[in-house]
$ cat input09.txt   # compact mmCIF, C-alpha atoms
# COMPACT_ATOMS: atom_id res chain seq x y z
CA MET A 1 44.29 143.83 -148.19
CA PRO A 2 47.93 144.19 -149.34
CA ILE A 3 48.74 147.56 -150.89
CA TRP A 4 49.85 145.96 -154.17
CA LEU A 5 46.53 144.18 -154.50
CA TYR A 6 44.65 147.37 -153.71
CA ILE A 7 46.58 149.27 -156.41
CA LEU A 8 46.13 146.45 -158.94
CA ALA A 9 42.39 146.24 -158.25
CA SER A 10 42.07 150.04 -158.57
CA VAL A 11 43.90 150.09 -161.92
CA VAL A 12 41.82 147.21 -163.31
CA LYS A 13 38.55 148.75 -162.10
CA SER A 14 39.50 152.16 -163.53
CA ALA A 15 40.32 150.65 -166.93
CA VAL A 16 37.12 148.58 -167.04
CA ALA A 17 34.96 151.50 -165.90
CA LEU A 18 36.52 153.82 -168.50
CA VAL A 19 36.02 151.34 -171.35
CA VAL A 20 32.44 150.57 -170.31
CA LEU A 21 31.57 154.25 -169.84
CA LEU A 22 33.01 155.37 -173.18
CA THR A 23 31.27 152.47 -174.94
CA ALA A 24 28.02 153.38 -173.21
CA VAL A 25 28.47 157.01 -174.30
CA ALA A 26 28.93 155.95 -177.94
CA TYR A 27 25.91 153.68 -177.94
CA THR A 28 23.73 156.16 -176.09
CA VAL A 29 24.23 158.40 -179.13
CA TRP A 30 23.19 155.48 -181.36
CA LEU A 31 20.18 154.77 -179.14
CA GLU A 32 19.10 158.39 -179.24
CA ARG A 33 19.30 158.52 -183.04
CA LYS A 34 17.30 155.29 -183.36
CA VAL A 35 14.62 156.16 -180.78
CA VAL A 36 14.11 159.72 -182.01
CA GLY A 37 14.06 158.37 -185.57
CA HIS A 38 11.21 155.99 -184.75
CA ILE A 39 9.36 158.72 -182.85
CA GLN A 40 9.54 160.86 -186.01
CA ASN A 41 8.55 157.92 -188.24
CA ARG A 42 12.00 157.36 -189.79
CA TRP A 43 14.67 154.71 -189.37
CA GLY A 44 17.74 156.40 -187.95
CA PRO A 45 21.16 154.77 -188.62
CA THR A 46 20.84 151.60 -190.75
CA ARG A 47 23.76 151.56 -193.19
CA VAL A 48 26.89 150.91 -191.09
CA GLY A 49 26.63 147.44 -189.59
CA PRO A 50 23.44 145.53 -188.70
CA PHE A 51 20.80 148.00 -187.43
CA GLY A 52 23.48 150.71 -187.73
CA LEU A 53 25.36 149.30 -184.70
CA LEU A 54 28.74 150.33 -186.12
CA GLN A 55 27.63 153.93 -186.66
CA PRO A 56 29.29 155.16 -183.40
CA LEU A 57 32.62 153.70 -184.60
CA ALA A 58 32.24 155.40 -187.99
CA ASP A 59 31.36 158.73 -186.34
CA GLY A 60 34.36 158.44 -184.00
CA LEU A 61 36.75 157.73 -186.86
CA LYS A 62 35.33 160.62 -188.85
CA LEU A 63 35.82 163.09 -186.00
CA LEU A 64 39.28 161.70 -185.25
CA VAL A 65 40.63 162.22 -188.78
CA LYS A 66 38.72 165.41 -189.51
CA GLU A 67 40.80 168.60 -189.82
CA ASP A 68 40.92 170.38 -186.46
CA LEU A 69 40.48 174.09 -187.20
CA THR A 70 41.41 176.74 -184.62
CA PRO A 71 40.04 180.17 -185.58
CA PRO A 72 42.67 182.96 -185.35
CA HIS A 73 40.54 185.17 -183.07
CA VAL A 74 40.17 182.72 -180.16
CA TYR A 75 42.10 182.83 -176.86
CA LYS A 76 43.98 179.58 -177.41
CA PRO A 77 44.90 178.44 -173.86
CA LEU A 78 41.30 178.48 -172.60
CA TYR A 79 39.88 177.50 -176.00
CA ILE A 80 41.90 174.26 -175.81
CA ALA A 81 41.35 173.74 -172.07
CA ALA A 82 37.54 174.09 -172.17
CA PRO A 83 36.68 170.72 -173.82
CA LEU A 84 39.33 169.00 -171.66
CA ILE A 85 37.73 170.39 -168.49
CA ALA A 86 34.29 169.26 -169.65
CA ILE A 87 35.30 165.67 -170.46
CA ILE A 88 37.69 165.15 -167.52
CA PHE A 89 35.16 166.12 -164.86
CA ALA A 90 32.37 164.27 -166.64
CA LEU A 91 34.41 161.05 -166.51
CA THR A 92 35.76 161.62 -162.99
CA SER A 93 32.38 161.66 -161.26
CA ILE A 94 31.78 157.98 -162.09
CA SER A 95 34.65 156.98 -159.76
CA VAL A 96 32.62 157.01 -156.53
CA ILE A 97 29.47 155.37 -157.89
CA PRO A 98 28.97 151.79 -156.61
CA PHE A 99 27.53 149.30 -159.11
CA GLY A 100 26.83 146.43 -156.69
CA ASN A 101 27.80 144.76 -153.46
CA PRO A 102 31.50 143.93 -152.91
CA ILE A 103 32.69 140.63 -154.38
CA MET A 104 35.10 138.18 -152.78
CA ILE A 105 38.30 137.35 -154.71
CA GLY A 106 40.97 135.21 -153.02
CA GLY A 107 39.50 135.91 -149.59
CA TYR A 108 39.55 139.68 -150.11
CA SER A 109 36.48 141.92 -150.44
CA ILE A 110 36.68 143.97 -153.65
CA PRO A 111 34.14 146.84 -153.87
CA LEU A 112 32.41 147.28 -157.23
CA GLN A 113 33.45 150.92 -157.51
CA ILE A 114 36.73 152.56 -158.38
CA THR A 115 37.23 154.14 -154.97
CA THR A 116 36.35 152.71 -151.59
CA ASP A 117 32.98 153.63 -150.10
CA VAL A 118 33.48 157.21 -148.89
CA ASN A 119 30.84 158.79 -146.67
CA THR A 120 30.93 161.96 -148.77
CA GLY A 121 30.46 160.21 -152.12
CA LEU A 122 27.32 162.15 -153.00
CA LEU A 123 28.95 165.48 -152.17
CA LEU A 124 31.92 164.54 -154.35
CA ILE A 125 29.64 163.77 -157.32
CA LEU A 126 27.74 167.05 -156.94
CA GLY A 127 30.97 169.00 -156.56
CA VAL A 128 32.75 167.42 -159.53
CA THR A 129 29.77 167.70 -161.88
CA SER A 130 29.20 171.34 -160.93
CA ILE A 131 32.78 172.18 -162.00
CA GLY A 132 31.83 171.04 -165.51
CA VAL A 133 30.09 174.40 -166.02
CA TYR A 134 33.56 175.98 -166.29
CA GLY A 135 34.21 174.03 -169.48
CA VAL A 136 31.08 175.38 -171.13
CA ALA A 137 31.53 178.94 -169.84
CA LEU A 138 35.20 179.11 -170.83
CA ALA A 139 34.41 177.70 -174.28
CA GLY A 140 31.90 180.49 -174.85
CA TRP A 141 34.20 183.23 -173.59
CA SER A 142 37.44 182.06 -175.24
CA SER A 143 35.81 181.69 -178.68
CA ASN A 144 35.45 185.49 -179.03
CA ASN A 145 32.18 184.91 -180.84
CA LYS A 146 28.95 186.62 -179.79
CA TYR A 147 26.89 183.46 -180.27
CA SER A 148 29.36 181.38 -178.27
CA LEU A 149 29.51 184.01 -175.53
CA LEU A 150 25.72 184.09 -175.21
CA GLY A 151 25.67 180.30 -175.04
CA GLY A 152 28.31 180.30 -172.32
CA LEU A 153 26.43 182.94 -170.30
CA ARG A 154 23.20 181.00 -170.63
CA ALA A 155 24.92 177.82 -169.53
CA SER A 156 26.44 179.49 -166.48
CA ALA A 157 23.15 180.98 -165.30
CA GLN A 158 21.14 177.86 -166.10
CA MET A 159 23.45 175.29 -164.56
CA VAL A 160 24.11 177.31 -161.40
CA SER A 161 20.38 177.95 -160.95
CA TYR A 162 19.29 174.35 -161.36
CA GLU A 163 22.24 173.03 -159.33
CA ILE A 164 20.46 174.34 -156.22
CA SER A 165 17.23 172.49 -156.99
CA LEU A 166 19.20 169.36 -157.91
CA GLY A 167 20.95 169.32 -154.56
CA LEU A 168 17.80 170.07 -152.57
CA SER A 169 15.88 167.32 -154.36
CA LEU A 170 18.30 164.77 -152.85
CA VAL A 171 18.13 166.11 -149.28
CA GLY A 172 14.89 164.21 -148.62
CA VAL A 173 16.63 160.94 -149.51
CA LEU A 174 19.55 161.83 -147.21
CA ILE A 175 17.16 162.54 -144.34
CA MET A 176 15.49 159.15 -144.80
CA ALA A 177 18.78 157.24 -145.09
CA GLY A 178 20.64 159.21 -142.41
CA SER A 179 23.90 159.00 -144.36
CA PHE A 180 25.80 160.48 -147.29
CA SER A 181 27.23 157.08 -148.19
CA LEU A 182 25.75 155.77 -151.44
CA HIS A 183 26.00 152.19 -150.11
CA ASP A 184 24.02 153.15 -146.99
CA ILE A 185 21.40 154.89 -149.13
CA VAL A 186 20.93 151.74 -151.22
CA ASP A 187 20.84 149.53 -148.10
CA ALA A 188 18.14 151.78 -146.62
CA GLN A 189 15.91 150.83 -149.59
CA ALA A 190 16.04 147.06 -148.84
CA GLY A 191 12.85 145.08 -148.27
CA HIS A 192 9.28 145.26 -149.56
CA PHE A 193 5.85 146.60 -148.71
CA TRP A 194 3.15 143.93 -148.44
CA GLY A 195 5.65 141.40 -149.73
CA PHE A 196 5.96 142.65 -153.33
CA ILE A 197 6.34 146.47 -153.55
CA PRO A 198 10.04 147.46 -153.20
CA ARG A 199 10.90 149.96 -150.48
CA TRP A 200 12.59 152.23 -153.03
CA ASN A 201 12.53 155.92 -152.20
CA ILE A 202 10.34 156.61 -155.23
CA PHE A 203 7.64 154.57 -153.46
CA THR A 204 8.25 155.86 -149.92
CA GLY A 205 7.37 159.53 -150.24
CA GLN A 206 10.08 160.89 -152.55
CA ILE A 207 8.04 161.17 -155.74
CA ILE A 208 8.21 164.98 -155.53
CA GLY A 209 11.94 164.79 -154.88
CA PHE A 210 12.37 162.58 -157.95
CA PHE A 211 10.36 164.99 -160.12
CA CYS A 212 12.57 167.88 -158.98
CA TYR A 213 15.71 165.81 -159.54
CA LEU A 214 14.61 164.69 -163.00
CA THR A 215 13.75 168.22 -164.13
CA ALA A 216 16.93 169.73 -162.71
CA ALA A 217 18.97 166.93 -164.32
CA TYR A 218 17.64 167.85 -167.76
CA ALA A 219 18.72 171.46 -167.20
CA GLU A 220 22.10 170.48 -165.72
CA THR A 221 22.97 168.38 -168.77
CA ASN A 222 21.67 170.98 -171.28
CA ARG A 223 19.09 168.63 -172.72
CA ILE A 224 15.79 169.46 -174.43
CA PRO A 225 13.60 171.15 -173.28
CA PHE A 226 16.41 173.02 -171.49
CA ASP A 227 19.10 173.09 -174.21
CA LEU A 228 19.27 176.89 -174.32
CA PRO A 229 23.12 177.09 -174.24
CA GLU A 230 23.26 175.40 -177.67
CA ALA A 231 19.93 176.54 -179.13
CA GLU A 232 20.55 176.39 -182.87
CA THR A 233 17.48 178.50 -183.72
CA GLU A 234 19.11 181.66 -182.32
CA LEU A 235 22.72 180.81 -181.36
CA VAL A 236 23.89 178.70 -184.34
CA ALA A 237 25.33 176.06 -181.96
CA GLY A 238 25.99 178.15 -178.87
CA TYR A 239 29.16 177.68 -176.86
CA HIS A 240 30.70 175.13 -179.26
CA THR A 241 30.08 177.07 -182.48
CA GLU A 242 33.82 177.57 -183.09
CA TYR A 243 34.83 173.96 -182.30
CA SER A 244 35.46 171.13 -184.75
CA ALA A 245 36.82 167.57 -184.91
CA MET A 246 37.69 165.96 -181.55
CA LYS A 247 37.30 169.15 -179.53
CA PHE A 248 33.71 169.27 -180.72
CA ALA A 249 33.32 165.57 -179.93
CA MET A 250 34.63 166.06 -176.38
CA PHE A 251 31.72 168.34 -175.49
CA PHE A 252 29.22 165.74 -176.65
CA MET A 253 31.09 162.94 -174.92
CA ALA A 254 30.90 165.01 -171.72
CA GLU A 255 27.16 165.61 -172.22
CA TYR A 256 26.36 161.93 -172.65
CA ALA A 257 28.74 160.91 -169.85
CA ASN A 258 26.90 163.34 -167.57
CA MET A 259 23.60 161.79 -168.66
CA ILE A 260 24.87 158.36 -167.63
CA THR A 261 26.16 159.70 -164.30
CA VAL A 262 22.83 161.37 -163.62
CA GLY A 263 21.07 158.08 -164.46
CA CYS A 264 23.36 156.15 -162.10
CA LEU A 265 22.71 158.63 -159.30
CA ALA A 266 18.94 158.49 -159.86
CA THR A 267 19.11 154.69 -159.71
CA LEU A 268 21.02 154.78 -156.42
CA MET A 269 18.95 157.51 -154.78
CA PHE A 270 15.40 156.67 -155.85
CA PHE A 271 15.24 153.17 -157.40
CA GLY A 272 17.09 150.92 -154.98
CA GLY A 273 20.41 150.82 -156.85
CA TRP A 274 21.35 147.28 -157.80
CA ARG A 275 18.54 145.71 -155.75
CA GLY A 276 16.14 143.38 -157.57
CA PRO A 277 15.14 139.72 -157.73
CA VAL A 278 18.28 137.56 -157.27
CA PHE A 279 18.04 133.81 -157.85
CA GLY A 280 19.83 130.83 -159.40
CA PRO A 281 23.42 129.59 -159.02
CA THR A 282 26.18 131.62 -157.37
CA ILE A 283 27.51 133.17 -160.59
CA LEU A 284 24.02 134.31 -161.59
CA LYS A 285 23.49 135.84 -158.16
CA ALA A 286 26.72 137.78 -158.67
CA VAL A 287 25.74 139.03 -162.14
CA LEU A 288 22.06 139.88 -161.55
CA PRO A 289 22.69 142.96 -159.34
CA LEU A 290 24.82 144.46 -162.13
CA PHE A 291 22.05 143.65 -164.61
CA TRP A 292 19.38 145.36 -162.49
CA PHE A 293 21.57 148.42 -162.06
CA ALA A 294 22.25 148.68 -165.81
CA ALA A 295 18.57 148.08 -166.65
CA LYS A 296 17.44 150.92 -164.37
CA VAL A 297 20.01 153.31 -165.85
CA PHE A 298 18.89 152.29 -169.35
CA VAL A 299 15.25 153.12 -168.51
CA PHE A 300 16.35 156.52 -167.23
CA LEU A 301 18.30 157.21 -170.44
CA PHE A 302 15.34 156.09 -172.54
CA VAL A 303 13.12 158.62 -170.74
CA TYR A 304 15.78 161.28 -171.41
CA ILE A 305 15.58 160.52 -175.14
CA TRP A 306 11.79 160.21 -175.12
CA VAL A 307 11.48 163.70 -173.65
CA ARG A 308 13.81 165.07 -176.34
CA GLY A 309 11.57 163.66 -179.06
CA THR A 310 8.41 164.95 -177.40
CA LEU A 311 8.76 168.39 -175.79
CA PRO A 312 9.62 171.73 -177.43
CA ARG A 313 12.35 174.02 -176.14
CA PHE A 314 11.53 176.55 -173.40
CA ARG A 315 12.13 180.26 -173.84
CA TYR A 316 15.00 181.50 -171.70
CA ASP A 317 12.78 183.58 -169.42
CA GLN A 318 10.51 180.55 -168.95
CA LEU A 319 13.54 178.42 -168.11
CA MET A 320 14.78 180.73 -165.36
CA ALA A 321 11.31 181.45 -163.98
CA PHE A 322 10.51 177.74 -163.79
CA GLY A 323 13.73 177.05 -161.90
CA TRP A 324 13.52 179.86 -159.35
CA LYS A 325 9.77 180.34 -158.92
CA PHE A 326 8.53 176.72 -159.10
CA LEU A 327 11.23 174.07 -158.85
CA LEU A 328 13.23 175.61 -155.99
CA PRO A 329 10.18 176.21 -153.73
CA LEU A 330 8.89 172.71 -154.54
CA SER A 331 12.26 171.20 -153.56
CA LEU A 332 12.17 173.12 -150.25
CA VAL A 333 8.63 171.90 -149.57
CA ASN A 334 9.77 168.32 -150.17
CA VAL A 335 12.68 168.74 -147.72
CA ILE A 336 10.42 170.20 -145.01
CA ALA A 337 7.72 167.55 -145.52
CA THR A 338 10.28 164.73 -145.38
CA ALA A 339 11.85 166.13 -142.20
CA ILE A 340 8.44 166.39 -140.53
CA ALA A 341 7.48 162.86 -141.63
CA VAL A 342 10.76 161.35 -140.34
CA THR A 343 10.61 163.11 -136.95
CA TRP A 344 6.85 162.59 -136.43

$ encode --input "input09.txt" --output "structure tokens"
Amino acid sequence: MPIWLYILASVVKSAVALVVLLTAVAYTVWLERKVVGHIQNRWGPTRVGPFGLLQPLADGLKLLVKEDLTPPHVYKPLYIAAPLIAIIFALTSISVIPFGNPIMIGGYSIPLQITTDVNTGLLLILGVTSIGVYGVALAGWSSNNKYSLLGGLRASAQMVSYEISLGLSLVGVLIMAGSFSLHDIVDAQAGHFWGFIPRWNIFTGQIIGFFCYLTAAYAETNRIPFDLPEAETELVAGYHTEYSAMKFAMFFMAEYANMITVGCLATLMFFGGWRGPVFGPTILKAVLPLFWFAAKVFVFLFVYIWVRGTLPRFRYDQLMAFGWKFLLPLSLVNVIATAIAVTW
């Protein structure tokens, strides 16, 4: 492929991925408000646009034009850098995620991901997302507020603790696929049992690994029942108490972007990625893999929201004990069992 075509394709893919991701972030907020509203026997957004579909636009405009207050007691360099760190690394991790098989344009194979297929794609995602904890921790420290500081400390301990279980929960999948490449992991899930049950990892012995991944993902993204860093009952709003306007919005954009990234990774690792029934004319065969991928991510996000509307918040000691005394040993057991099963 000529270098100019490679650069052009990368720029176009980056722009499309950014627009799609930010739109998905906005409408995940709308979806959460609607779903939780119906769970609690209320309507959620209904006023702005049909079914409240323009509510994300109204919220964005409100936060954009709202006065941005900077309290005099904060440490300004890190106070300003914290939301930027959170949103930049949340958006960066999507760059190595493949959304489908490569497509042919003008005789050239164009991969449906921003970067080429790197063999260390999974490690890059885990590394980039783990750096996001600095945004939360620095926000808590730089605010010079006791509630913010406690929220930042909670976030640091929680996210570092559950990062270990999150990584170990994926080791079983890596053992079965024999590769770190996300494309190879999806290809290893091709085919069916008995002609109709997909050979997805969730059906081939990684149900424990998926449970560990799902639980650790909730903690990593600070979502109920693990939203201790921003627990309003005792910390006002936690690490972002002193933030307003777009700085405040950046933290929530990062949270929902991380949710989408976690959903994409779960789809690739446990649910066969973009694999699903493909039929019809050529253009439909090209579109259906993208549809299956998006549908699986949507289901994952719906479960995220469903859990928020169902479960109460853990106490902090329960949170840490669950991570270290139950989830980490269970992840290790899954790794050992998978290794034994593969080498048997």

$ axis_aligned_box --input "input09.txt" --around "region 303-316 of chain A" --padding-each-side "6 Å" --output "JSON"
{"center_x": 12.1, "center_y": 170.1, "center_z": -174.9, "size_x": 19.4, "size_y": 34.9, "size_z": 20.3}

$ residues_around --input "input09.txt" --residues "Phe251 (chain A)" --least-positions-apart "3" --cutoff "8 Å" --atoms "all atoms listed in the file" --output "ChimeraX atom specification"
/A:83,86-87,240,247-248,254-255

$ closest_residue --input "input09.txt" --among "A:Asn101, A:Thr204, A:Thr215, A:Ser148" --to "Glu230 (chain A)" --atoms "all atoms listed in the file"
A:Ser148

$ closest_atom_pairs --input "input09.txt" --of "region 38-150 of chain A" --to "region 298-309 of chain A" --cutoff "12 Å" --atoms "all atoms listed in the file" --output "tab-separated table"
residue	atom	partner	partner_atom	distance
A:His38	CA	A:Gly309	CA	9.6
A:Ile39	CA	A:Gly309	CA	6.6
A:Gln40	CA	A:Gly309	CA	7.8
A:Asn41	CA	A:Gly309	CA	11.2

$ atom_distance --input "input09.txt" --atom1 "CA of Ala337 (chain A)" --atom2 "CA of Leu166 (chain A)"
17.0 Å

$ atom_distance --input "input09.txt" --atom1 "CA of Ser14 (chain A)" --atom2 "CA of Ile114 (chain A)"
5.9 Å

$ closest_residue --input "input09.txt" --among "A:Ala24, A:Ile3, A:Ala249, A:Leu150" --to "Thr261 (chain A)" --atoms "all atoms listed in the file"
A:Ala24

$ closest_residue --input "input09.txt" --among "A:Lys62, A:Lys34, A:Lys146, A:Arg47" --to "Glu242 (chain A)" --atoms "all atoms listed in the file"
A:Lys146

$ closest_residue --input "input09.txt" --among "A:Trp344, A:Phe99, A:Trp141, A:Trp30" --to "Gly238 (chain A)" --atoms "all atoms listed in the file"
A:Trp141

$ closest_residue --input "input09.txt" --among "A:Leu153, A:Leu235, A:Ile224, A:Leu22" --to "Leu311 (chain A)" --atoms "only C-alpha atoms"
A:Ile224

$ residues_around --input "input09.txt" --residues "Phe322 (chain A)" --least-positions-apart "3" --cutoff "12 Å" --atoms "all atoms listed in the file" --output "list in words"
Gln158, Ser161, Tyr162, Ser165, Cys212, Thr215, Ala216, Ala219, Pro225, Phe226, Phe314, Arg315, Tyr316, Asp317, Gln318, Leu319, Lys325, Phe326, Leu327, Leu328, Pro329 and Leu330 of chain A

$ closest_residue --input "input09.txt" --among "A:Gln189, A:Asn119, A:Thr70, A:Ser331" --to "Gly273 (chain A)" --atoms "all atoms listed in the file"
A:Gln189

$ residues_near_point --input "input09.txt" --point "(14.4, 170.3, -147.6)" --cutoff "7 Å" --atoms "all atoms listed in the file" --output "ChimeraX atom specification"
/A:168,171-172,331-336

$ residues_around --input "input09.txt" --residues "Leu288 (chain A)" --least-positions-apart "3" --cutoff "12 Å" --atoms "all atoms listed in the file" --output "PyMOL selection string"
chain A and resi 99-101+274-285+291-295

$ decode --input "input09.txt" --residues "region 305-320 of chain A" --atoms "N, CA and C atoms" --output "PDB file, in the first residue's frame"
ATOM      1  N   ILE A 305     -25.937  -0.957  32.671  1.00  0.00           N
ATOM      2  CA  ILE A 305     -26.980  -0.054  33.180  1.00  0.00           C
ATOM      3  C   ILE A 305     -27.968  -0.802  34.063  1.00  0.00           C
ATOM      4  N   TRP A 306     -28.304  -2.016  33.679  1.00  0.00           N
ATOM      5  CA  TRP A 306     -29.234  -2.838  34.450  1.00  0.00           C
ATOM      6  C   TRP A 306     -28.698  -3.069  35.863  1.00  0.00           C
ATOM      7  N   VAL A 307     -27.399  -3.358  35.964  1.00  0.00           N
ATOM      8  CA  VAL A 307     -26.790  -3.570  37.274  1.00  0.00           C
ATOM      9  C   VAL A 307     -26.861  -2.287  38.103  1.00  0.00           C
ATOM     10  N   ARG A 308     -26.633  -1.143  37.458  1.00  0.00           N
ATOM     11  CA  ARG A 308     -26.708   0.123  38.194  1.00  0.00           C
ATOM     12  C   ARG A 308     -28.094   0.332  38.795  1.00  0.00           C
ATOM     13  N   GLY A 309     -29.138  -0.035  38.072  1.00  0.00           N
ATOM     14  CA  GLY A 309     -30.490   0.161  38.567  1.00  0.00           C
ATOM     15  C   GLY A 309     -30.964  -0.927  39.504  1.00  0.00           C
ATOM     16  N   THR A 310     -30.087  -1.905  39.800  1.00  0.00           N
ATOM     17  CA  THR A 310     -30.522  -3.065  40.570  1.00  0.00           C
ATOM     18  C   THR A 310     -29.778  -3.229  41.895  1.00  0.00           C
ATOM     19  N   LEU A 311     -28.443  -3.089  41.869  1.00  0.00           N
ATOM     20  CA  LEU A 311     -27.629  -3.418  43.034  1.00  0.00           C
ATOM     21  C   LEU A 311     -27.283  -2.188  43.859  1.00  0.00           C
ATOM     22  N   PRO A 312     -27.195  -2.339  45.183  1.00  0.00           N
ATOM     23  CA  PRO A 312     -26.742  -1.225  46.032  1.00  0.00           C
ATOM     24  C   PRO A 312     -25.217  -1.137  46.044  1.00  0.00           C
ATOM     25  N   ARG A 313     -24.719  -0.026  46.528  1.00  0.00           N
ATOM     26  CA  ARG A 313     -23.274   0.192  46.597  1.00  0.00           C
ATOM     27  C   ARG A 313     -22.642  -0.648  47.713  1.00  0.00           C
ATOM     28  N   PHE A 314     -21.459  -1.190  47.439  1.00  0.00           N
ATOM     29  CA  PHE A 314     -20.683  -1.904  48.458  1.00  0.00           C
ATOM     30  C   PHE A 314     -20.115  -0.910  49.466  1.00  0.00           C
ATOM     31  N   ARG A 315     -19.812  -1.405  50.680  1.00  0.00           N
ATOM     32  CA  ARG A 315     -18.944  -0.648  51.576  1.00  0.00           C
ATOM     33  C   ARG A 315     -17.513  -0.779  51.081  1.00  0.00           C
ATOM     34  N   TYR A 316     -16.653   0.165  51.487  1.00  0.00           N
ATOM     35  CA  TYR A 316     -15.290   0.146  50.947  1.00  0.00           C
ATOM     36  C   TYR A 316     -14.513  -1.085  51.398  1.00  0.00           C
ATOM     37  N   ASP A 317     -14.702  -1.509  52.635  1.00  0.00           N
ATOM     38  CA  ASP A 317     -14.001  -2.712  53.105  1.00  0.00           C
ATOM     39  C   ASP A 317     -14.514  -3.949  52.368  1.00  0.00           C
ATOM     40  N   GLN A 318     -15.801  -3.977  52.039  1.00  0.00           N
ATOM     41  CA  GLN A 318     -16.344  -5.089  51.259  1.00  0.00           C
ATOM     42  C   GLN A 318     -15.765  -5.094  49.851  1.00  0.00           C
ATOM     43  N   LEU A 319     -15.614  -3.907  49.291  1.00  0.00           N
ATOM     44  CA  LEU A 319     -15.051  -3.778  47.941  1.00  0.00           C
ATOM     45  C   LEU A 319     -13.645  -4.366  47.870  1.00  0.00           C
ATOM     46  N   MET A 320     -12.774  -3.960  48.788  1.00  0.00           N
ATOM     47  CA  MET A 320     -11.393  -4.427  48.763  1.00  0.00           C
ATOM     48  C   MET A 320     -11.300  -5.910  49.128  1.00  0.00           C
TER      49      MET A 320
END
